[in-house]
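S.K.: For reference, the file entry36.cif (mmCIF, C-alpha atoms) is included below:
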```
data_entry
#
loop_
_atom_site.label_atom_id
_atom_site.label_comp_id
_atom_site.auth_asym_id
_atom_site.auth_seq_id
_atom_site.Cartn_x
_atom_site.Cartn_y
_atom_site.Cartn_z
CA MET A 166 18.30 47.81 240.07
CA ILE A 167 21.40 47.32 237.92
CA GLY A 168 19.83 49.29 235.06
CA ASP A 169 19.27 52.30 237.33
CA LYS A 170 22.79 51.96 238.64
CA LYS A 171 24.19 52.03 235.13
CA SER A 172 22.15 54.99 234.01
CA ASP A 173 22.99 56.91 237.22
CA PHE A 174 26.64 56.20 236.66
CA GLU A 175 26.51 57.23 233.01
CA ARG A 176 24.75 60.49 233.92
CA THR A 177 27.39 61.17 236.56
CA VAL A 178 30.25 60.52 234.15
CA ARG A 179 28.73 62.85 231.58
CA ALA A 180 28.03 65.52 234.20
CA TYR A 181 31.38 65.53 236.00
CA SER A 182 34.13 64.10 233.76
CA ALA A 183 35.08 67.56 232.46
CA ASP A 184 35.28 69.07 235.96
CA LEU A 185 37.32 66.14 237.20
CA TYR A 186 39.63 66.31 234.21
CA ARG A 187 40.36 70.00 234.81
CA TYR A 188 40.96 69.37 238.47
CA ALA A 189 43.27 66.44 237.65
CA TYR A 190 45.08 68.47 235.01
CA TRP A 191 45.93 71.23 237.43
CA LEU A 192 46.99 68.74 240.06
CA CYS A 193 49.45 66.93 237.82
CA ARG A 194 49.93 69.46 234.96
CA ASP A 195 49.96 66.70 232.37
CA ARG A 196 47.09 65.98 229.99
CA PHE A 197 47.84 62.29 229.59
CA VAL A 198 48.14 61.68 233.29
CA ALA A 199 45.03 63.77 233.93
CA GLU A 200 42.93 61.59 231.65
CA GLU A 201 44.40 58.46 233.18
CA LEU A 202 43.48 59.75 236.63
CA VAL A 203 39.92 60.51 235.55
CA GLN A 204 39.59 57.03 234.04
CA GLU A 205 40.93 55.37 237.17
CA ALA A 206 38.77 57.50 239.45
CA PHE A 207 35.57 56.62 237.58
CA ALA A 208 36.55 52.95 237.39
CA ARG A 209 36.93 52.91 241.16
CA ALA A 210 33.74 54.94 241.62
CA TRP A 211 31.84 52.34 239.61
CA LYS A 212 33.17 49.54 241.78
CA SER A 213 32.16 51.45 244.92
CA TRP A 214 28.92 52.90 243.58
CA GLN A 215 26.81 51.27 246.26
CA GLU A 216 28.87 53.11 248.91
CA LEU A 217 27.68 56.50 247.70
CA ARG A 218 25.22 57.48 250.41
CA ASP A 219 24.41 61.05 249.37
CA PRO A 220 23.90 61.52 245.61
CA GLY A 221 24.04 65.29 246.20
CA ALA A 222 27.64 64.95 247.32
CA VAL A 223 28.76 62.90 244.33
CA LYS A 224 31.17 65.53 243.00
CA ALA A 225 33.02 65.83 246.32
CA TRP A 226 33.06 62.02 246.54
CA LEU A 227 34.60 61.78 243.07
CA ILE A 228 37.21 64.40 243.94
CA THR A 229 38.19 62.38 247.00
CA ILE A 230 38.50 59.24 244.89
CA LEU A 231 40.57 61.06 242.29
CA ARG A 232 42.94 62.40 244.96
CA ASN A 233 43.38 58.87 246.29
CA GLU A 234 44.04 57.53 242.79
CA ARG A 235 46.64 60.20 242.24
CA ALA A 236 48.38 59.20 245.45
CA ARG A 237 48.30 55.55 244.35
CA MET A 238 49.70 56.43 240.95
CA TYR A 239 52.54 58.43 242.48
CA ALA A 240 53.24 55.65 244.95
CA ARG A 241 53.39 53.04 242.18
CA LYS A 242 55.73 55.13 240.10
CA GLN A 243 57.65 56.51 243.09
CA ILE A 244 57.41 60.01 241.69
CA PRO A 245 58.52 62.52 244.31
CA VAL A 246 55.85 65.08 245.12
CA ALA A 247 57.46 68.51 245.28
CA ASP A 248 55.60 70.78 247.63
CA GLU A 249 57.84 73.72 248.28
CA ASP A 250 56.82 76.53 250.57
CA VAL A 251 56.14 80.14 249.69
CA SER A 252 57.40 82.67 252.17
CA GLU A 253 55.12 85.16 253.90
CA PHE A 254 55.05 88.55 252.25
CA GLU A 255 53.10 91.75 252.28
CA ILE A 256 49.89 92.05 250.32
CA PRO A 257 50.84 93.94 247.17
CA ASP A 258 48.62 96.48 245.45
CA LEU A 259 48.04 96.67 241.72
CA PRO A 260 48.82 95.58 239.02
CA SER A 261 46.00 93.14 238.74
CA ILE A 262 46.78 89.53 237.95
CA ALA A 263 44.15 89.99 235.25
CA GLU A 264 46.79 91.89 233.32
CA ASN A 265 49.18 88.99 233.41
CA LEU A 266 49.34 86.90 230.27
CA ASP A 267 51.38 84.17 231.95
CA LEU A 268 48.71 83.17 234.42
CA LYS A 269 48.66 79.52 233.40
CA ARG A 270 52.40 79.26 233.84
CA GLN A 271 52.14 80.99 237.21
CA LEU A 272 49.45 78.54 238.27
CA GLU A 273 51.62 75.63 237.20
CA ARG A 274 54.46 76.92 239.33
CA LEU A 275 52.31 77.50 242.39
CA PRO A 276 53.11 74.90 245.09
CA LEU A 277 50.53 72.14 245.22
CA ALA A 278 49.60 72.98 248.80
CA TYR A 279 48.35 76.33 247.54
CA ARG A 280 47.24 75.33 244.05
CA GLU A 281 44.87 72.59 245.15
CA PRO A 282 42.63 74.62 247.49
CA LEU A 283 42.63 77.43 244.93
CA LEU A 284 41.40 74.97 242.28
CA LEU A 285 38.68 73.68 244.55
CA GLN A 286 37.53 77.20 245.32
CA VAL A 287 37.75 78.86 241.90
CA LEU A 288 36.95 75.87 239.70
CA GLY A 289 34.86 73.82 242.10
CA GLY A 290 33.05 76.65 243.87
CA TYR A 291 33.67 75.18 247.31
CA SER A 292 33.89 77.26 250.50
CA CYS A 293 36.92 77.22 252.80
CA GLY A 294 35.05 74.90 255.18
CA GLU A 295 34.15 72.45 252.40
CA ILE A 296 37.72 72.48 251.07
CA ALA A 297 39.05 71.82 254.57
CA SER A 298 36.77 68.80 254.80
CA LEU A 299 37.90 67.50 251.38
CA LEU A 300 41.57 67.94 252.17
CA ASN A 301 41.32 66.71 255.76
CA THR A 302 42.66 69.86 257.35
CA SER A 303 41.39 72.86 259.29
CA GLU A 304 39.45 75.76 257.83
CA GLY A 305 42.07 78.15 259.20
CA ALA A 306 44.84 76.32 257.37
CA ILE A 307 42.87 76.50 254.13
CA MET A 308 42.22 80.22 254.55
CA THR A 309 45.94 80.80 255.06
CA ARG A 310 46.83 78.73 251.99
CA LEU A 311 44.28 80.53 249.82
CA THR A 312 45.48 83.93 250.98
CA ARG A 313 49.06 82.97 250.23
CA ALA A 314 48.12 81.48 246.87
CA ARG A 315 46.54 84.72 245.72
CA GLN A 316 49.40 86.71 247.22
CA ALA A 317 51.91 84.60 245.31
CA LEU A 318 50.07 85.11 242.02
CA ARG A 319 49.78 88.83 242.58
CA GLN A 320 53.40 89.07 243.67
CA ASP A 321 54.49 87.29 240.51
CA ALA A 322 52.36 89.59 238.40
CA ALA A 323 53.86 92.63 240.08
CA ASP A 324 57.45 91.43 239.72
CA PRO A 325 58.30 90.03 236.28
CA LEU A 326 61.97 89.55 237.21
CA LYS A 327 61.04 87.38 240.16
CA ARG A 328 58.60 85.49 237.94
CA GLU A 329 61.33 84.67 235.41
CA ALA A 330 63.74 83.64 238.14
CA ARG A 331 61.43 81.04 239.65
CA PRO A 332 62.02 77.46 238.51
CA MET B 1180 37.42 95.11 260.95
CA ASN B 1181 40.49 96.97 259.68
CA CYS B 1182 41.89 97.06 256.16
CA LEU B 1183 44.41 94.25 256.69
CA GLU B 1184 41.76 91.95 258.16
CA PHE B 1185 39.41 92.74 255.29
CA ARG B 1186 42.07 92.03 252.69
CA ARG B 1187 43.07 88.75 254.27
CA GLU B 1188 39.43 87.64 254.37
CA LYS B 1189 38.87 88.75 250.78
CA LEU B 1190 41.92 86.84 249.57
CA ALA B 1191 40.85 83.67 251.40
CA GLU B 1192 37.13 83.66 250.61
CA PRO B 1193 36.37 86.14 247.82
CA ARG B 1194 32.84 84.95 247.07
CA ARG B 1195 31.51 84.86 250.63
CA ALA B 1196 31.90 88.13 252.54
CA SER B 1197 31.16 88.25 256.27
CA ASP B 1198 28.88 90.95 257.71
CA ALA B 1199 31.95 92.78 259.06
CA ALA B 1200 33.61 92.67 255.64
CA ARG B 1201 30.49 94.01 253.93
CA ALA B 1202 30.31 96.85 256.42
CA HIS B 1203 34.00 97.69 256.00
CA VAL B 1204 33.95 97.81 252.24
CA GLN B 1205 31.02 100.22 252.30
CA GLU B 1206 33.21 102.73 254.15
CA CYS B 1207 36.67 102.14 252.67
CA VAL B 1208 37.27 103.21 249.08
CA LYS B 1209 40.71 101.57 248.88
CA CYS B 1210 39.40 98.23 250.09
CA ALA B 1211 36.45 98.46 247.70
CA ALA B 1212 38.98 98.86 244.86
CA PHE B 1213 41.02 96.00 246.29
CA ALA B 1214 37.91 93.78 246.38
CA ARG B 1215 37.12 94.57 242.74
CA ASN B 1216 40.70 93.78 241.85
CA VAL B 1217 40.54 90.40 243.58
CA ASP B 1218 37.22 89.57 241.89
CA GLU B 1219 38.65 90.43 238.47
CA GLY B 1220 41.68 88.32 239.26
CA ASP B 1221 39.49 85.36 240.21
CA ALA B 1222 37.50 85.68 236.99
CA GLU B 1223 40.80 85.57 235.11
CA LEU B 1224 41.91 82.59 237.18
CA LEU B 1225 38.73 80.73 236.32
CA ARG B 1226 39.34 81.34 232.62
CA ALA B 1227 42.92 80.11 232.96
CA MET B 1228 41.87 77.00 234.87
CA THR B 1229 39.15 76.08 232.38
CA VAL B 1230 41.47 74.08 230.13
CA SER B 1231 39.97 72.27 227.17
CA VAL B 1232 38.77 68.74 227.84
CA PRO B 1233 39.77 65.95 225.44
CA GLU B 1234 37.00 65.12 223.02
CA GLY B 1235 35.16 61.91 223.86
CA LEU B 1236 36.46 61.73 227.42
CA ALA B 1237 33.12 60.68 228.91
CA ASP B 1238 32.66 58.01 226.22
CA ARG B 1239 36.10 56.58 226.92
CA VAL B 1240 35.38 56.56 230.65
CA LEU B 1241 32.16 54.65 230.05
CA LEU B 1242 33.98 52.13 227.87
CA ARG B 1243 36.76 51.69 230.36
CA PRO B 1244 35.54 49.95 233.52
CA LYS B 1245 36.57 46.46 232.55
CA ARG B 1246 36.15 43.48 234.80
CA SER B 1247 32.74 44.78 235.84
CA ASP B 1248 29.20 44.33 234.68
CA PHE B 1249 29.25 47.84 233.26
CA SER B 1250 31.48 46.66 230.48
CA ASP B 1251 29.09 43.92 229.48
CA TRP B 1252 26.86 46.16 227.46
CA ARG B 1253 29.37 48.78 226.26
CA VAL B 1254 32.90 47.53 225.87
CA TRP B 1255 32.12 44.15 224.45
CA ALA B 1256 29.42 45.51 222.20
CA LEU B 1257 31.76 48.06 220.69
CA ALA B 1258 34.67 45.67 220.48
CA ALA B 1259 32.45 43.17 218.75
CA SER B 1260 31.34 45.76 216.23
CA VAL B 1261 34.94 46.46 215.28
CA VAL B 1262 36.28 42.94 215.45
CA ALA B 1263 33.30 40.97 214.29
CA GLY B 1264 33.40 37.33 215.11
CA ILE B 1265 36.32 37.45 217.48
CA GLY B 1266 35.86 35.83 220.87
CA LEU B 1267 37.99 37.94 223.16
CA ALA B 1268 38.17 35.23 225.74
CA ALA B 1269 39.94 33.11 223.19
CA VAL B 1270 42.77 35.61 222.94
CA PHE B 1271 44.60 34.08 225.86
CA VAL B 1272 43.69 30.47 225.25
CA GLY B 1273 46.86 28.57 224.58
CA ALA B 1274 49.12 31.49 225.47
CA SER B 1275 52.66 30.50 226.33
CA PRO B 1276 55.04 32.70 228.33
CA SER B 1277 57.00 33.59 225.21
CA ASP B 1278 54.12 35.21 223.39
CA ALA B 1279 52.00 36.34 226.34
CA TYR B 1280 52.95 39.98 225.79
CA ALA B 1281 52.05 39.74 222.10
CA ARG B 1282 48.64 38.34 223.02
CA LEU B 1283 48.24 41.05 225.63
CA ALA B 1284 48.97 43.67 222.96
CA VAL B 1285 46.28 42.18 220.71
CA ALA B 1286 43.82 42.17 223.61
CA HIS B 1287 44.63 45.82 224.29
CA VAL B 1288 44.00 46.81 220.69
CA ILE B 1289 40.69 44.95 220.68
CA ASP B 1290 39.78 46.61 223.93
CA GLU B 1291 40.37 50.13 222.62
CA PRO B 1292 38.66 50.24 219.23
CA GLU B 1293 38.28 54.01 219.36
CA SER B 1294 42.05 54.21 218.73
CA PHE B 1295 41.27 53.53 215.06
CA THR B 1296 38.56 56.13 214.77
CA THR B 1297 39.85 58.98 216.93
CA GLU B 1298 42.63 61.50 216.45
CA TYR B 1299 44.28 61.99 219.79
CA HIS B 1300 47.49 63.88 220.70
CA SER B 1301 48.88 63.07 217.30
CA ASP B 1302 51.76 65.54 217.44
CA ALA B 1303 55.48 64.88 217.13
CA ARG B 1304 56.15 65.81 220.74
CA SER B 1305 53.74 63.17 222.04
CA VAL B 1306 55.40 60.55 219.84
CA ALA B 1307 58.82 61.58 221.13
CA VAL B 1308 57.62 61.40 224.75
CA ALA B 1309 56.19 57.92 224.17
CA LEU B 1310 59.40 56.63 222.57
CA ARG B 1311 61.61 58.24 225.18
CA SER B 1312 59.86 56.16 227.86
CA VAL B 1313 61.77 53.10 226.57
CA GLY B 1314 64.93 55.01 225.67
CA ALA B 1315 64.12 55.20 221.96
CA SER B 1316 64.24 58.15 219.58
CA VAL B 1317 63.05 59.00 216.08
CA ARG B 1318 65.62 58.69 213.28
CA SER B 1319 63.28 59.75 210.53
CA PRO B 1320 59.56 60.64 210.62
CA LEU B 1321 57.22 57.74 211.22
CA GLY B 1322 54.56 59.12 208.92
CA LYS B 1323 51.11 60.26 209.91
CA VAL B 1324 50.50 59.39 213.57
CA ARG B 1325 46.81 59.59 214.51
CA TYR B 1326 46.64 58.49 218.12
CA VAL B 1327 49.01 58.69 221.09
CA LYS B 1328 47.63 57.77 224.48
CA LEU B 1329 49.00 56.56 227.79
CA CYS B 1330 46.98 53.47 228.66
CA PRO B 1331 46.78 51.07 231.59
CA TRP B 1332 48.85 47.95 231.11
CA GLU B 1333 49.03 44.90 233.29
CA ASN B 1334 50.04 44.94 236.97
CA GLY B 1335 49.16 48.60 237.41
CA THR B 1336 51.76 49.82 234.93
CA ARG B 1337 51.11 51.93 231.84
CA ALA B 1338 51.87 51.67 228.15
CA TRP B 1339 51.92 54.15 225.30
CA HIS B 1340 49.43 53.27 222.59
CA LEU B 1341 50.09 54.76 219.15
CA VAL B 1342 48.22 54.32 215.90
CA PHE B 1343 49.82 55.45 212.66
CA GLU B 1344 49.18 55.25 208.95
CA THR B 1345 51.22 52.94 206.74
CA PRO B 1346 50.92 52.04 203.06
CA GLN B 1347 49.27 48.81 204.30
CA GLY B 1348 46.70 50.62 206.43
CA LEU B 1349 46.55 51.56 210.11
CA ALA B 1350 49.09 49.96 212.42
CA THR B 1351 49.31 49.96 216.20
CA LEU B 1352 52.50 50.44 218.16
CA ILE B 1353 52.46 49.76 221.89
CA VAL B 1354 55.44 50.91 223.92
CA VAL B 1355 55.94 49.44 227.38
CA ALA B 1356 58.66 50.76 229.69
CA ASP B 1357 60.43 48.87 232.45
CA GLU B 1358 59.25 45.42 231.42
CA ARG B 1359 61.89 43.21 229.84
CA VAL B 1360 61.60 40.75 226.98
CA ARG B 1361 64.65 38.82 225.80
CA SER B 1362 63.94 38.40 222.14
CA LYS B 1363 61.50 38.83 219.30
CA SER B 1364 58.17 37.08 219.73
CA ASP B 1365 55.16 36.74 217.40
CA ALA B 1366 51.54 35.83 217.94
CA PHE B 1367 48.59 35.50 215.60
CA VAL B 1368 45.30 35.51 217.48
CA ASN B 1369 41.88 35.49 215.87
CA GLY B 1370 42.82 37.63 212.94
CA TRP B 1371 45.27 39.93 214.69
CA SER B 1372 49.01 39.68 214.38
CA ALA B 1373 51.44 41.03 216.97
CA ARG B 1374 55.20 41.14 217.20
CA ILE B 1375 57.15 42.01 220.32
CA ARG B 1376 60.73 43.27 220.29
CA PRO B 1377 62.97 44.43 223.10
CA ALA B 1378 63.88 48.11 223.43
CA ARG B 1379 66.53 49.70 225.57
CA ARG B 1380 64.31 50.15 228.62
CA GLY B 1381 61.34 47.90 227.91
CA PHE B 1382 59.78 46.59 224.73
CA TYR B 1383 57.50 47.51 221.88
CA ALA B 1384 54.66 45.65 220.18
CA VAL B 1385 53.41 46.05 216.61
CA VAL B 1386 49.83 44.95 215.98
CA THR B 1387 48.24 44.73 212.54
CA SER B 1388 45.75 42.55 210.70
CA SER B 1389 48.26 40.03 209.28
CA PRO B 1390 51.72 38.58 209.97
CA ALA B 1391 53.00 39.86 206.63
CA ILE B 1392 51.93 43.43 207.34
CA THR B 1393 53.26 43.21 210.89
CA GLY B 1394 56.65 42.19 209.51
CA GLU B 1395 56.68 45.06 207.02
CA VAL B 1396 55.61 47.61 209.64
CA ASP B 1397 58.21 46.27 212.04
CA GLU B 1398 60.88 46.84 209.41
CA ILE B 1399 59.67 50.42 208.99
CA LEU B 1400 59.83 50.92 212.75
CA ARG B 1401 63.33 49.51 213.00
CA ALA B 1402 64.52 51.71 210.16
CA ARG B 1403 62.97 54.92 211.41
CA ILE B 1404 63.32 54.56 215.17
CA ASN B 1405 66.49 54.02 217.13
CA TRP B 1406 65.33 51.57 219.79
CA ASP B 1407 68.71 51.50 221.49
CA ALA B 1408 69.18 55.28 221.69
#
```
Can the structure from this file be put into structure tokens for me?

M.R.:
Amino acid sequence: MIGDKKSDFERTVRAYSADLYRYAYWLCRDRFVAEELVQEAFARAWKSWQELRDPGAVKAWLITILRNERARMYARKQIPVADEDVSEFEIPDLPSIAENLDLKRQLERLPLAYREPLLLQVLGGYSCGEIASLLNTSEGAIMTRLTRARQALRQDAADPLKREARP
Amino acid sequence: MNCLEFRREKLAEPRRASDAARAHVQECVKCAAFARNVDEGDAELLRAMTVSVPEGLADRVLLRPKRSDFSDWRVWALAASVVAGIGLAAVFVGASPSDAYARLAVAHVIDEPESFTTEYHSDARSVAVALRSVGASVRSPLGKVRYVKLCPWENGTRAWHLVFETPQGLATLIVVADERVRSKSDAFVNGWSARIRPARRGFYAVVTSSPAITGEVDEILRARINWDA
């Protein structure tokens, strides 16, 4: 029924557009591009609505679509995707990152390979196994990235000089 | 499980502790403090990640999926309410290559009626970013800008869509990068007037309700914006 399809889609947009926007924002760090990505992702979701087999997995499905749209957008514009590495380091003790007022800036500087699983875990509430499935990689790789992401944030918080020196 | 193993697990999966991790933290005061520290950090992270969402996002998404049956009952209904009596299909009837972009600009304005009723990223920085996309810069303030949005344009490209106040009423400026036009071009389609002019790295379009107003607004734009910066 087309009416059901429309009302299901509208409910889904209203339920998940904010989550998708935040996810898109932290992927691209640009509000305009984030909204564009959300718009494109939902437009494609609407076209493929009949392919959604498990309504309970709609959020993960939308995230996958949004990631694909982002890749398409970057391919069209030939924007290089910087994905620098963060070296291994010891786990630091306090101070807590909660004390750091520059957390948003630190998050923006975090390499995408670390930022994305962290977003999916903290913002999306997904487990390492679920994130691995979304990002098409192993659970072990995700655990390593998440550990390093939190290490990097804590390291930055503990070392303001290093934080300022990073690009 | 030793302290290093516990800490690695806690940093990777803070919300789901294994049995071994739960047993370890019961016995290790330092790791219990570490776990609390990580949990506090994650709460702070969640607050930082929860950026504000643009007002009306869901509505714009629902208005957006063109070329599908979803638009039948939302996009066209809203467009019709704003531009009563205009047959959108007629916008392109009779279009020649010289004014195709002008007609496209009119179609875009008709297709995004919320641009006239919404305030969106109306700050000077957004305007500067939009103009910079075609190599232009502001000579003197444009006046009150109400709406600045990056929109889909044809062939998968994007265009900046601005709405600003003029003495003649609201005017639309569309800025398209990396698409060339050779000279000025005008179109008047079903009550909407558009003028296209080349910019350094693309072109711009002015859309208003009449050719006279479009000409006046275009003069304002040429005086206040350096399109060959």

S.K.: At most 8 Å is the cut-off: for each residue in chain B with any atom that close to an atom of chain A, write down the nearest atom pair and the distance in Å rounded to one decimal, counting all atoms listed in the file, chain first then increasing number, as JSON lines.

M.R.:
```
{"residue": "B:Arg1187", "atom": "CA", "partner": "A:Thr312", "partner_atom": "CA", "distance": 6.3}
{"residue": "B:Glu1188", "atom": "CA", "partner": "A:Thr312", "partner_atom": "CA", "distance": 7.9}
{"residue": "B:Leu1190", "atom": "CA", "partner": "A:Thr312", "partner_atom": "CA", "distance": 4.8}
{"residue": "B:Ala1191", "atom": "CA", "partner": "A:Thr312", "partner_atom": "CA", "distance": 4.7}
{"residue": "B:Glu1192", "atom": "CA", "partner": "A:Cys293", "partner_atom": "CA", "distance": 6.8}
{"residue": "B:Arg1195", "atom": "CA", "partner": "A:Ser292", "partner_atom": "CA", "distance": 8.0}
{"residue": "B:Phe1213", "atom": "CA", "partner": "A:Asp258", "partner_atom": "CA", "distance": 7.7}
{"residue": "B:Asn1216", "atom": "CA", "partner": "A:Ser261", "partner_atom": "CA", "distance": 6.2}
{"residue": "B:Val1217", "atom": "CA", "partner": "A:Ser261", "partner_atom": "CA", "distance": 7.8}
{"residue": "B:Glu1219", "atom": "CA", "partner": "A:Ala263", "partner_atom": "CA", "distance": 6.4}
{"residue": "B:Gly1220", "atom": "CA", "partner": "A:Ala263", "partner_atom": "CA", "distance": 5.0}
{"residue": "B:Asp1221", "atom": "CA", "partner": "A:Val287", "partner_atom": "CA", "distance": 6.9}
{"residue": "B:Glu1223", "atom": "CA", "partner": "A:Ala263", "partner_atom": "CA", "distance": 5.5}
{"residue": "B:Leu1224", "atom": "CA", "partner": "A:Val287", "partner_atom": "CA", "distance": 7.3}
{"residue": "B:Leu1225", "atom": "CA", "partner": "A:Val287", "partner_atom": "CA", "distance": 6.0}
{"residue": "B:Ala1227", "atom": "CA", "partner": "A:Lys269", "partner_atom": "CA", "distance": 5.8}
{"residue": "B:Met1228", "atom": "CA", "partner": "A:Leu288", "partner_atom": "CA", "distance": 7.0}
{"residue": "B:Thr1229", "atom": "CA", "partner": "A:Arg187", "partner_atom": "CA", "distance": 6.7}
{"residue": "B:Val1230", "atom": "CA", "partner": "A:Arg187", "partner_atom": "CA", "distance": 6.3}
{"residue": "B:Ser1231", "atom": "CA", "partner": "A:Arg187", "partner_atom": "CA", "distance": 8.0}
{"residue": "B:Val1232", "atom": "CA", "partner": "A:Ala183", "partner_atom": "CA", "distance": 6.0}
{"residue": "B:Leu1236", "atom": "CA", "partner": "A:Ser182", "partner_atom": "CA", "distance": 7.2}
{"residue": "B:Ala1237", "atom": "CA", "partner": "A:Arg179", "partner_atom": "CA", "distance": 5.6}
{"residue": "B:Arg1239", "atom": "CA", "partner": "A:Gln204", "partner_atom": "CA", "distance": 7.9}
{"residue": "B:Val1240", "atom": "CA", "partner": "A:Gln204", "partner_atom": "CA", "distance": 5.4}
{"residue": "B:Leu1241", "atom": "CA", "partner": "A:Glu175", "partner_atom": "CA", "distance": 6.9}
{"residue": "B:Arg1243", "atom": "CA", "partner": "A:Gln204", "partner_atom": "CA", "distance": 7.1}
{"residue": "B:Pro1244", "atom": "CA", "partner": "A:Ala208", "partner_atom": "CA", "distance": 5.0}
{"residue": "B:Ser1247", "atom": "CA", "partner": "A:Lys212", "partner_atom": "CA", "distance": 7.6}
{"residue": "B:Phe1249", "atom": "CA", "partner": "A:Lys171", "partner_atom": "CA", "distance": 6.8}
{"residue": "B:Lys1328", "atom": "CA", "partner": "A:Phe197", "partner_atom": "CA", "distance": 6.8}
{"residue": "B:Leu1329", "atom": "CA", "partner": "A:Phe197", "partner_atom": "CA", "distance": 6.1}
{"residue": "B:Cys1330", "atom": "CA", "partner": "A:Glu201", "partner_atom": "CA", "distance": 7.2}
{"residue": "B:Pro1331", "atom": "CA", "partner": "A:Glu201", "partner_atom": "CA", "distance": 7.9}
{"residue": "B:Gly1335", "atom": "CA", "partner": "A:Arg241", "partner_atom": "CA", "distance": 7.8}
```

S.K.: Rounded to one decimal in Å, what is the spacing between atom CA of Thr229 of chain A and atom CA of Leu299 of chain A?

M.R.: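 Atom CA of Thr229 of chain A sits 6.7 Å away from atom CA of Leu299 of chain A.
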
S.K.: Could you spell out the hits of the PyMOL selection byres ((chain B and resi 1390) around 12) on the shown file, as a short mmCIF file (atom, residue, chain, number, x, y, z; two decimals) with C-alpha atoms, in the coordinates of the input?

M.R.:
```
data_model
loop_
_atom_site.label_atom_id
_atom_site.label_comp_id
_atom_site.auth_asym_id
_atom_site.auth_seq_id
_atom_site.Cartn_x
_atom_site.Cartn_y
_atom_site.Cartn_z
CA GLN B 1347 49.27 48.81 204.30
CA ALA B 1350 49.09 49.96 212.42
CA SER B 1364 58.17 37.08 219.73
CA ASP B 1365 55.16 36.74 217.40
CA ALA B 1366 51.54 35.83 217.94
CA PHE B 1367 48.59 35.50 215.60
CA VAL B 1368 45.30 35.51 217.48
CA ASN B 1369 41.88 35.49 215.87
CA GLY B 1370 42.82 37.63 212.94
CA TRP B 1371 45.27 39.93 214.69
CA SER B 1372 49.01 39.68 214.38
CA ALA B 1373 51.44 41.03 216.97
CA ARG B 1374 55.20 41.14 217.20
CA VAL B 1385 53.41 46.05 216.61
CA VAL B 1386 49.83 44.95 215.98
CA THR B 1387 48.24 44.73 212.54
CA SER B 1388 45.75 42.55 210.70
CA SER B 1389 48.26 40.03 209.28
CA ALA B 1391 53.00 39.86 206.63
CA ILE B 1392 51.93 43.43 207.34
CA THR B 1393 53.26 43.21 210.89
CA GLY B 1394 56.65 42.19 209.51
CA GLU B 1395 56.68 45.06 207.02
CA VAL B 1396 55.61 47.61 209.64
CA ASP B 1397 58.21 46.27 212.04
#
```

S.K.: Output, as lines of an AutoDock Vina configuration file, the centre and edge lengths in Å (one decimal) of the axis-aligned box that contains all listed atoms of segment 281-290 of chain A with 6 Å of margin on each side.

M.R.:
```
center_x = 39.0
center_y = 75.7
center_z = 243.6
size_x = 23.8
size_y = 18.3
size_z = 19.8
```

S.K.: May I ask for the distance between atom CA of Val1324 of chain B and atom CA of Ser1301 of chain B, given in Å to one decimal place?

M.R.: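 Taking atom CA of Val1324 of chain B and atom CA of Ser1301 of chain B, their separation equals 5.5 Å.
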
S.K.: Written as a PDB file with C-alpha atoms, keeping the file's coordinate frame, which residues does the PyMOL selection byres ((chain B and resi 1295) around 12) give for the file shown?

M.R.:
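Result went into out-v6.pdb, see below:
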```pdb
ATOM      1  CA  ALA B1258      34.670  45.670 220.480  1.00  0.00           C
ATOM      2  CA  VAL B1261      34.940  46.460 215.280  1.00  0.00           C
ATOM      3  CA  VAL B1262      36.280  42.940 215.450  1.00  0.00           C
ATOM      4  CA  VAL B1288      44.000  46.810 220.690  1.00  0.00           C
ATOM      5  CA  ILE B1289      40.690  44.950 220.680  1.00  0.00           C
ATOM      6  CA  ASP B1290      39.780  46.610 223.930  1.00  0.00           C
ATOM      7  CA  GLU B1291      40.370  50.130 222.620  1.00  0.00           C
ATOM      8  CA  PRO B1292      38.660  50.240 219.230  1.00  0.00           C
ATOM      9  CA  GLU B1293      38.280  54.010 219.360  1.00  0.00           C
ATOM     10  CA  SER B1294      42.050  54.210 218.730  1.00  0.00           C
ATOM     11  CA  THR B1296      38.560  56.130 214.770  1.00  0.00           C
ATOM     12  CA  THR B1297      39.850  58.980 216.930  1.00  0.00           C
ATOM     13  CA  GLU B1298      42.630  61.500 216.450  1.00  0.00           C
ATOM     14  CA  TYR B1299      44.280  61.990 219.790  1.00  0.00           C
ATOM     15  CA  VAL B1324      50.500  59.390 213.570  1.00  0.00           C
ATOM     16  CA  ARG B1325      46.810  59.590 214.510  1.00  0.00           C
ATOM     17  CA  TYR B1326      46.640  58.490 218.120  1.00  0.00           C
ATOM     18  CA  VAL B1327      49.010  58.690 221.090  1.00  0.00           C
ATOM     19  CA  HIS B1340      49.430  53.270 222.590  1.00  0.00           C
ATOM     20  CA  LEU B1341      50.090  54.760 219.150  1.00  0.00           C
ATOM     21  CA  VAL B1342      48.220  54.320 215.900  1.00  0.00           C
ATOM     22  CA  PHE B1343      49.820  55.450 212.660  1.00  0.00           C
ATOM     23  CA  GLU B1344      49.180  55.250 208.950  1.00  0.00           C
ATOM     24  CA  GLY B1348      46.700  50.620 206.430  1.00  0.00           C
ATOM     25  CA  LEU B1349      46.550  51.560 210.110  1.00  0.00           C
ATOM     26  CA  ALA B1350      49.090  49.960 212.420  1.00  0.00           C
ATOM     27  CA  THR B1351      49.310  49.960 216.200  1.00  0.00           C
ATOM     28  CA  THR B1387      48.240  44.730 212.540  1.00  0.00           C
TER      29      THR B1387
END
```

S.K.: With a distance cut-off of 7 Å and all atoms listed in the file, select the neighbouring residues of Trp1406 of chain B, excluding the residue or stretch itself and same-chain residues fewer than 6 positions from it, and output the selection as a list of chain:residue names.

M.R.: B:Gly1314, B:Ala1315, B:Ser1316, B:Ala1378, B:Arg1379
